[in-house]
Structure formats: structure tokens, C-alpha cells
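J.: Provided herewith: entry12.tsv, TSV, C-alpha atoms (C1' of nucleotides).
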chain	number	residue	atom	x	y	z
A	1	MET	CA	185.49	-3.93	23.47
A	2	PRO	CA	184.18	-7.22	22.20
A	3	GLU	CA	186.25	-9.88	20.58
A	4	LEU	CA	185.14	-13.37	19.67
A	5	PRO	CA	184.49	-14.63	23.24
A	6	GLU	CA	182.39	-11.58	24.14
A	7	VAL	CA	180.43	-11.81	20.90
A	8	GLU	CA	179.89	-15.54	21.48
A	9	THR	CA	178.60	-14.71	24.96
A	10	VAL	CA	176.17	-12.19	23.52
A	11	VAL	CA	174.97	-14.66	20.90
A	12	ARG	CA	174.31	-17.29	23.57
A	13	SER	CA	172.39	-14.77	25.66
A	14	LEU	CA	170.17	-14.03	22.64
A	15	LYS	CA	169.35	-17.62	21.65
A	16	SER	CA	165.84	-17.29	23.07
A	17	LEU	CA	165.05	-14.90	20.22
A	18	LYS	CA	164.51	-17.96	18.08
A	19	ASN	CA	160.94	-18.12	16.73
A	20	LYS	CA	160.12	-14.67	18.08
A	21	LYS	CA	158.58	-12.20	15.67
A	22	ILE	CA	159.49	-8.54	15.17
A	23	VAL	CA	156.50	-6.29	15.83
A	24	ARG	CA	158.27	-3.03	15.09
A	25	ILE	CA	161.58	-1.26	15.37
A	26	LYS	CA	162.37	2.15	16.76
A	27	TYR	CA	165.68	3.83	16.06
A	28	TYR	CA	167.34	6.76	17.71
A	29	SER	CA	170.32	7.24	15.43
A	30	GLU	CA	170.67	7.27	11.66
A	31	LYS	CA	174.11	5.76	12.02
A	32	VAL	CA	172.97	2.31	13.14
A	33	ALA	CA	172.51	1.23	9.53
A	34	TYR	CA	175.77	0.57	7.66
A	35	ASN	CA	174.47	-0.51	4.27
A	36	PHE	CA	170.82	0.45	4.07
A	37	GLN	CA	168.48	3.31	4.86
A	38	ILE	CA	167.37	3.06	8.45
A	39	SER	CA	164.03	4.64	7.53
A	40	LYS	CA	163.20	1.48	5.58
A	41	ILE	CA	163.93	-0.93	8.42
A	42	ASN	CA	160.32	-1.41	9.48
A	43	LYS	CA	159.17	-1.97	5.94
A	44	ILE	CA	161.84	-4.62	5.48
A	45	LEU	CA	161.84	-6.40	8.84
A	46	LYS	CA	158.45	-5.91	10.47
A	47	GLY	CA	156.64	-9.23	10.84
A	48	ARG	CA	159.76	-11.34	10.28
A	49	THR	CA	160.67	-14.21	12.59
A	50	PHE	CA	164.11	-15.01	14.01
A	51	LYS	CA	165.10	-18.33	12.51
A	52	SER	CA	168.51	-18.54	14.17
A	53	ILE	CA	171.12	-16.47	15.96
A	54	SER	CA	174.78	-17.13	15.30
A	55	ARG	CA	178.03	-15.35	14.63
A	56	LYS	CA	181.07	-15.32	12.42
A	57	GLY	CA	184.10	-13.68	13.94
A	58	LYS	CA	182.84	-10.58	15.68
A	59	TYR	CA	179.73	-10.32	13.53
A	60	ILE	CA	176.38	-11.35	15.03
A	61	ILE	CA	174.09	-12.96	12.48
A	62	PHE	CA	170.31	-12.88	12.81
A	63	ASN	CA	168.66	-15.14	10.26
A	64	LEU	CA	165.26	-13.59	9.56
A	65	LYS	CA	164.10	-15.85	6.72
A	66	GLU	CA	165.24	-14.47	3.35
A	67	LYS	CA	166.93	-11.59	5.15
A	68	TYR	CA	170.04	-11.50	7.27
A	69	LEU	CA	170.44	-8.81	9.86
A	70	ILE	CA	174.09	-8.57	10.89
A	71	CYS	CA	175.25	-6.64	13.93
A	72	HIS	CA	178.75	-5.47	14.73
A	73	LEU	CA	179.39	-4.07	18.22
A	74	ARG	CA	182.65	-2.36	17.25
A	75	MET	CA	184.16	-0.77	20.37
A	76	THR	CA	181.31	-0.04	22.73
A	77	GLY	CA	178.15	-1.60	21.34
A	78	TYR	CA	175.91	-3.85	23.39
A	79	LEU	CA	172.84	-5.91	22.69
A	80	TYR	CA	170.45	-7.47	25.18
A	81	LEU	CA	166.94	-8.72	25.74
A	82	SER	CA	164.70	-7.08	28.28
A	83	LYS	CA	161.08	-7.14	29.41
A	84	THR	CA	161.26	-3.43	30.15
A	85	LEU	CA	162.52	-0.33	28.40
A	86	PRO	CA	165.77	1.18	29.65
A	87	ILE	CA	165.42	4.06	32.09
A	88	LYS	CA	168.34	6.02	30.70
A	89	LYS	CA	168.23	5.94	26.95
A	90	ASN	CA	170.98	8.37	26.01
A	91	HIS	CA	173.11	5.62	24.50
A	92	ILE	CA	170.27	3.54	23.13
A	93	ARG	CA	170.42	3.47	19.35
A	94	CYS	CA	167.77	0.98	18.35
A	95	ILE	CA	164.99	-1.07	19.96
A	96	PHE	CA	163.13	-4.06	18.49
A	97	LEU	CA	159.74	-4.85	19.98
A	98	LEU	CA	159.03	-8.58	19.85
A	99	ASP	CA	155.74	-10.45	19.78
A	100	ASP	CA	156.26	-11.74	23.34
A	101	ASN	CA	156.44	-8.12	24.52
A	102	GLN	CA	160.17	-8.32	25.11
A	103	PHE	CA	162.61	-5.81	23.70
A	104	LEU	CA	165.84	-6.43	21.87
A	105	ILE	CA	167.89	-3.38	22.74
A	106	PHE	CA	170.96	-2.10	20.94
A	107	GLY	CA	173.03	0.58	22.65
A	108	ASP	CA	176.40	2.06	21.82
A	109	ILE	CA	178.24	4.91	23.50
A	110	ARG	CA	180.57	5.74	20.65
A	111	LYS	CA	178.16	5.08	17.76
A	112	PHE	CA	180.64	2.93	15.85
A	113	GLY	CA	178.52	-0.20	16.01
A	114	GLY	CA	175.53	-0.95	13.84
A	115	PHE	CA	173.69	-3.25	11.47
A	116	TYR	CA	174.09	-4.60	7.97
A	117	LEU	CA	171.19	-6.03	6.02
A	118	TYR	CA	171.77	-8.75	3.41
A	119	ASN	CA	169.76	-11.23	1.39
A	120	ASN	CA	172.42	-13.89	1.91
A	121	LEU	CA	175.77	-14.34	3.62
A	122	ASN	CA	177.95	-14.15	0.51
A	123	GLU	CA	179.18	-10.64	1.13
A	124	LEU	CA	179.99	-11.27	4.80
A	125	ASN	CA	181.78	-14.49	3.97
A	126	SER	CA	183.96	-12.87	1.34
A	127	LYS	CA	184.70	-9.90	3.53
A	128	ILE	CA	186.19	-11.83	6.45
A	129	GLY	CA	188.38	-14.89	6.80
A	130	ILE	CA	187.94	-18.18	8.61
A	131	ASP	CA	186.45	-18.37	12.10
A	132	PRO	CA	188.69	-20.18	14.60
A	133	PHE	CA	185.82	-22.53	15.47
A	134	ASN	CA	185.18	-23.46	11.86
A	135	ILE	CA	185.87	-27.16	11.24
A	136	MET	CA	188.19	-26.13	8.41
A	137	PHE	CA	190.46	-24.20	10.76
A	138	THR	CA	193.13	-26.80	11.52
A	139	GLU	CA	196.79	-27.00	12.44
A	140	SER	CA	197.75	-27.55	8.85
A	141	TRP	CA	195.54	-24.70	7.64
A	142	LEU	CA	197.39	-22.39	9.97
A	143	GLU	CA	200.81	-23.75	9.10
A	144	ASN	CA	200.17	-23.40	5.37
A	145	ASN	CA	198.72	-19.94	5.59
A	146	LEU	CA	201.44	-18.60	7.87
A	147	SER	CA	204.14	-19.82	5.53
A	148	THR	CA	202.80	-17.94	2.51
A	149	LYS	CA	202.74	-14.58	4.27
A	150	LYS	CA	205.49	-12.35	5.50
A	151	ARG	CA	203.87	-10.16	8.10
A	152	MET	CA	204.39	-9.59	11.79
A	153	ILE	CA	202.31	-12.25	13.49
A	154	LYS	CA	200.39	-9.84	15.68
A	155	HIS	CA	199.33	-7.73	12.72
A	156	LEU	CA	198.43	-10.80	10.72
A	157	LEU	CA	196.25	-12.21	13.50
A	158	LEU	CA	194.62	-8.81	13.83
A	159	ASP	CA	193.63	-8.96	10.16
A	160	GLN	CA	190.00	-10.11	10.04
A	161	LYS	CA	190.42	-11.20	6.42
A	162	PHE	CA	192.93	-13.78	7.60
A	163	ILE	CA	191.24	-15.20	10.69
A	164	CYS	CA	188.16	-13.46	12.04
A	165	GLY	CA	187.31	-12.86	15.68
A	166	LEU	CA	190.68	-12.16	17.26
A	167	GLY	CA	191.53	-8.71	18.59
A	168	ASN	CA	194.22	-6.92	20.51
A	169	ILE	CA	193.55	-8.51	23.89
A	170	TYR	CA	193.26	-12.17	23.02
A	171	ILE	CA	196.06	-12.08	20.48
A	172	ASP	CA	198.26	-10.77	23.24
A	173	GLU	CA	197.20	-13.63	25.47
A	174	ILE	CA	197.68	-16.18	22.71
A	175	LEU	CA	201.17	-15.02	21.76
A	176	TRP	CA	202.24	-14.82	25.37
A	177	LYS	CA	201.04	-18.33	26.01
A	178	THR	CA	202.88	-19.53	22.91
A	179	GLN	CA	205.96	-17.49	23.84
A	180	VAL	CA	206.12	-16.02	20.37
A	181	SER	CA	207.03	-12.36	19.98
A	182	PRO	CA	204.33	-10.32	18.26
A	183	LYS	CA	206.97	-9.03	15.86
A	184	THR	CA	207.88	-12.47	14.57
A	185	LEU	CA	207.37	-12.72	10.84
A	186	SER	CA	204.61	-15.20	10.04
A	187	HIS	CA	206.58	-17.30	7.56
A	188	SER	CA	209.36	-17.86	10.08
A	189	ILE	CA	207.14	-19.27	12.83
A	190	THR	CA	208.18	-22.81	13.67
A	191	SER	CA	205.65	-23.39	16.42
A	192	SER	CA	202.44	-23.13	14.42
A	193	LYS	CA	201.11	-26.21	16.19
A	194	ASN	CA	201.53	-24.51	19.56
A	195	LEU	CA	200.08	-21.31	18.21
A	196	TYR	CA	197.05	-23.20	16.97
A	197	ASN	CA	196.53	-24.87	20.34
A	198	SER	CA	196.90	-21.54	22.15
A	199	ILE	CA	194.32	-19.86	19.94
A	200	LEU	CA	191.72	-22.51	20.69
A	201	SER	CA	192.49	-22.91	24.38
A	202	ILE	CA	192.52	-19.16	25.10
A	203	LEU	CA	189.26	-18.68	23.22
A	204	ASN	CA	187.61	-21.68	24.87
A	205	ASP	CA	188.71	-20.63	28.34
A	206	SER	CA	187.57	-17.08	27.75
A	207	ILE	CA	184.14	-18.16	26.55
A	208	LYS	CA	183.83	-20.18	29.76
A	209	PHE	CA	184.47	-17.00	31.71
A	210	HIS	CA	181.73	-15.27	29.74
A	211	GLY	CA	184.20	-13.42	27.64
A	212	THR	CA	185.31	-11.01	30.28
A	213	THR	CA	188.36	-8.97	29.28
A	214	ILE	CA	190.30	-6.17	30.93
A	215	MET	CA	187.25	-4.06	31.45
A	216	ASN	CA	184.13	-5.36	33.04
A	217	PHE	CA	182.14	-6.76	30.20
A	218	LYS	CA	178.42	-6.61	30.73
A	219	PHE	CA	175.84	-8.75	29.05
A	220	GLY	CA	172.17	-9.35	29.46
A	221	MET	CA	170.75	-6.64	31.68
A	222	GLY	CA	174.18	-5.92	33.04
A	223	LEU	CA	173.66	-8.48	35.73
A	224	GLY	CA	176.09	-10.93	34.21
A	225	ILE	CA	179.15	-12.21	35.93
A	226	MET	CA	181.92	-9.65	35.86
A	227	LYS	CA	185.44	-10.82	36.34
A	228	THR	CA	188.74	-9.31	35.50
A	229	LYS	CA	191.20	-11.42	33.62
A	230	ILE	CA	194.87	-11.15	34.25
A	231	ILE	CA	196.37	-10.29	30.94
A	232	SER	CA	199.84	-10.22	29.56
A	233	LYS	CA	200.29	-6.56	28.86
A	234	GLN	CA	203.80	-7.12	27.60
A	235	TYR	CA	202.51	-7.63	24.10
A	236	LEU	CA	199.81	-5.00	23.87
A	237	ILE	CA	200.32	-2.52	21.08
B	238	DC	C1'	191.43	22.50	30.76
B	239	DC	C1'	193.80	19.97	27.25
B	240	DC	C1'	195.79	16.01	25.28
B	241	DG	C1'	196.12	11.30	24.46
B	242	DA	C1'	194.41	6.78	24.66
B	243	DT	C1'	190.49	3.14	24.23
B	244	DG	C1'	188.98	-3.34	23.00
B	245	DT	C1'	187.23	-2.06	15.77
B	246	DT	C1'	187.02	-1.36	11.00
B	247	DC	C1'	187.59	1.02	6.62
B	248	DG	C1'	189.80	3.45	3.01
B	249	DA	C1'	193.55	6.16	1.22
B	250	DT	C1'	198.29	6.49	0.72
B	251	DT	C1'	203.23	4.95	0.70
C	252	DA	C1'	201.99	-7.33	-0.42
C	253	DA	C1'	202.53	-4.99	3.75
C	254	DA	C1'	202.67	-1.03	6.65
C	255	DT	C1'	201.04	3.63	8.17
C	256	DC	C1'	197.56	7.11	9.13
C	257	DG	C1'	193.43	9.18	9.94
C	258	DA	C1'	188.62	9.01	10.63
C	259	DA	C1'	184.17	7.58	12.74
C	260	DC	C1'	182.61	9.01	18.35
C	261	DA	C1'	182.32	9.57	23.42
C	262	DT	C1'	184.46	9.12	27.74
C	263	DC	C1'	188.07	8.83	31.06
C	264	DG	C1'	192.47	9.79	33.27
C	265	DG	C1'	196.79	12.16	33.81
Starting from the file, give its structure as C-alpha cells.
T.:
Amino acid sequence: MPELPEVETVVRSLKSLKNKKIVRIKYYSEKVAYNFQISKINKILKGRTFKSISRKGKYIIFNLKEKYLICHLRMTGYLYLSKTLPIKKNHIRCIFLLDDNQFLIFGDIRKFGGFYLYNNLNELNSKIGIDPFNIMFTESWLENNLSTKKRMIKHLLLDQKFICGLGNIYIDEILWKTQVSPKTLSHSITSSKNLYNSILSILNDSIKFHGTTIMNFKFGMGLGIMKTKIISKQYLI
DNA sequence: CCCGATGTTCGATT
DNA sequence: AAATCGAACATCGG
């Protein structure tokens, strides 16, 4: 479900985690840990304080002083803060108890989402490409990097190692707005300036609408604004 | 009831 | 280098 605007919305809704301390963590699924043993999570994270909450592409980054906890929502993951425990917990995968008695709750219907644990951001940074909101992402960056590749533009934009954060829905919107066919080969695109502007304007507009896509996207306790965007299905693959 | 599709990513294979 | 496929999993709709 979530692409960059949804993930950005989640990150903003979690900003109040800053300076909160982890009391303990309870997990309900072994699968929530991608690159470490979930049984060690308390030993590693208990007592740590959230220094900052940010994101790169679709990855949510919790800076926990010397440790980075990275969350990816994949298709159906969700993450929210709550003063109470969920009533139905069949999709709940992991709960963090915080020192202000709030809970950080991670749920995921399809169990694709989960957490990475790193000592620094080197691995994440080498795994994925530039974020569209990075200061280095410019018109000329895009023009140069399109010209050196010979791939269908939709597939290229889908590639997180190229630009991170874009997915099926927003790429469709972006290409429609630019009036570029998704099958256009990247090196033959003459309107890279327009494409660049479309990427940023679609993402910015979508973040303003709380990152709502085709489906109703919920955030917080599910009480968030839910709108349905009109999308250009012509380009969906 | 069964089959196919669903916003993501990864790895193997051509 | 680029494209294709299948897998991870659960749910929903035709």
C-alpha cells in the first residue's frame, strides 16, 4: 500500500516519539525481524531513546542512539501510536511500550513488513537510490541519469535503486501528468524537465492529502482523513 | 468454491 | 544491463 507520501504521513504522525524511551517490546511474529533475531530485540533496544524519526524512500528510520531501527511497511503494514492496546490483535505483529505509557504498534495483515536493525545507515544508503526530496535530486540529475539507461521509464522509476519512494500508483500519476508513455525508453525522453516537475508536484500534493491513494489509507488510530484520489488507471501495470 | 489480483521487495534465471 | 518469474502472505471479488 504505502508509497513515499503515505510513509511521509506515517513519519509525521510519529514525530512525538522523539525523546521517548523504550520500556520493552513484545512481538507476536518471528517474521517482523528481517536481519536480526527477534528474540534479542529487548536486549538490544530496551532503555534506548528515540533521537529522531525520519525516512528514506519507503523506509522509516528510527534513530535510537548508536542503533538504527528501520521499518518497511511493504504492502499492508501500519504503524501508529496509541494510549491503549488494540482490541483485536490478530494482525498485530509487534508492540513497543514507551516510558510515557503510550504504545507504538506495528500491525501487518500479510506479514511482509518488518524491521531492520543497523549500527549505521551505510547499508540502507547503498541499497536504495536517491530520495526525490534529497537536495541532490535535481533536473540535471534526472536528465543525466535517464540518458545513461535504456529501460522503460515506468520500470526504471519503479526501481528503488534508481530513485527511492515511488511505486505503481504515483508513477502512473506522474507519467500521466507528464504525458509520457510508461513504455518510453529512458534515454529517449526529451521532457525530463517536465518529468522532474511532475514527480515533485505529485508527491507534494499527495503529502498534503495525507498520502491517500486508491484505497482508504489509515494512519494514527485509523481516525485520519480518508479521501479517495482520482487516479489515471490508463498506465497501471 | 476456485482462481486471480493486490499498493513491495528480493533473488534466481534468461 | 535489462527483463521475467516466483515467492513471501492474507484477503477480497468475480
J.: Which residues, written as a PyMOL selection string, have at least one atom at most 8 Å from DG244 in chain B, with all atoms listed in the file counted and residues fewer than 2 positions away on the same chain left out?
T.: chain A and resi 1-3+75+167-169
J.: What does the structure give for the distance between CA of Asn125 in chain A and CA of Leu203 in chain A, in Å to one decimal?
T.: 21.1 Å
J.: Using all atoms listed in the file, find each residue in chain C having at least one atom no more than 10 Å away from chain A; report its shortest atom-to-atom pair and that distance in Å (one decimal), rows by chain then rising number, as JSON lines.
T.:
{"residue": "C:DA252", "atom": "C1'", "partner": "A:Lys150", "partner_atom": "CA", "distance": 8.5}
{"residue": "C:DA253", "atom": "C1'", "partner": "A:Arg151", "partner_atom": "CA", "distance": 6.9}
{"residue": "C:DA254", "atom": "C1'", "partner": "A:Arg151", "partner_atom": "CA", "distance": 9.3}
{"residue": "C:DA259", "atom": "C1'", "partner": "A:Phe112", "partner_atom": "CA", "distance": 6.6}
{"residue": "C:DC260", "atom": "C1'", "partner": "A:Arg110", "partner_atom": "CA", "distance": 4.5}
{"residue": "C:DA261", "atom": "C1'", "partner": "A:Arg110", "partner_atom": "CA", "distance": 5.0}
{"residue": "C:DT262", "atom": "C1'", "partner": "A:Ile109", "partner_atom": "CA", "distance": 8.6}
J.: Using Å and a single decimal, report how far CA of Arg74 in chain A sits from CA of Ala33 in chain A.
T.: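 Calculated distance between CA of Ala33 in chain A and CA of Arg74 in chain A is 13.2 Å.
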J.: Find the distance between CA of Arg55 in chain A and CA of Asp131 in chain A and write it in Å to one decimal.
T.: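 Distance reported for this atom pair: 9.3 Å.
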J.: Please identify all polymer residues lying at most 12 Å from the point (189.1, -0.5, 6.3) (file coordinates), using all atoms listed in the file, and present the result as a VMD selection string.
T.: (chain A and resid 127 to 128 159 to 161) or (chain B and resid 245 to 249) or (chain C and resid 256 to 259)
J.: Could you check which of A:Glu66, A:Asp172, A:Asp100, A:Glu143 is closest to chain B, using all atoms listed in the file?
T.: A:Asp172
J.: Kindly provide, as lines of an AutoDock Vina configuration file, the centre and edge lengths (Å, one decimal) of an axis-aligned box around all atoms of range 122-134 of chain A given in the file, with 8 Å on each side.
T.:
center_x = 183.3
center_y = -16.7
center_z = 8.0
size_x = 26.7
size_y = 29.6
size_z = 31.0
J.: Excluding range 179-196 of chain A and residues on its chain fewer than 3 positions from it, collect all residues at most 7 Å away from it, counting only C-alpha atoms (C1' of nucleotides), and give them as a list in words.
T.: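 The filter keeps Glu139, Leu142, Glu143, Leu146, Ser147, Thr148, Lys149, Lys150, Arg151, Met152, Ile153, Lys154, Leu175, Trp176, Ile199, Leu200 and Tyr235 of chain A.
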J.: As a tab-separated table (two decimals) with C-alpha atoms (C1' of nucleotides), keeping the file's coordinate frame, please: the residues near DA242 in chain B (cut-off 12 Å, only C-alpha atoms (C1' of nucleotides), same-chain neighbours under 4 positions excluded).
T.:
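Produced file part.tsv, reproduced below:
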chain	number	residue	atom	x	y	z
A	237	ILE	CA	200.32	-2.52	21.08
C	262	DT	C1'	184.46	9.12	27.74
C	263	DC	C1'	188.07	8.83	31.06
C	264	DG	C1'	192.47	9.79	33.27
C	265	DG	C1'	196.79	12.16	33.81
J.: Need the shell around Lys58 in chain A: protein/DNA/RNA residues with any atom at most 8 Å away, counting only C-alpha atoms (C1' of nucleotides). Skip same-chain ones fewer than 6 positions apart. Format as a compact mmCIF listing (two decimals) with C-alpha atoms, keeping the file's coordinate frame?
T.:
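Dumped to part-v2.txt:
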# COMPACT_ATOMS: atom_id res chain seq x y z
CA PRO A 2 184.18 -7.22 22.20
CA GLU A 3 186.25 -9.88 20.58
CA LEU A 4 185.14 -13.37 19.67
CA VAL A 7 180.43 -11.81 20.90
CA HIS A 72 178.75 -5.47 14.73
CA LEU A 73 179.39 -4.07 18.22
CA CYS A 164 188.16 -13.46 12.04
CA GLY A 165 187.31 -12.86 15.68
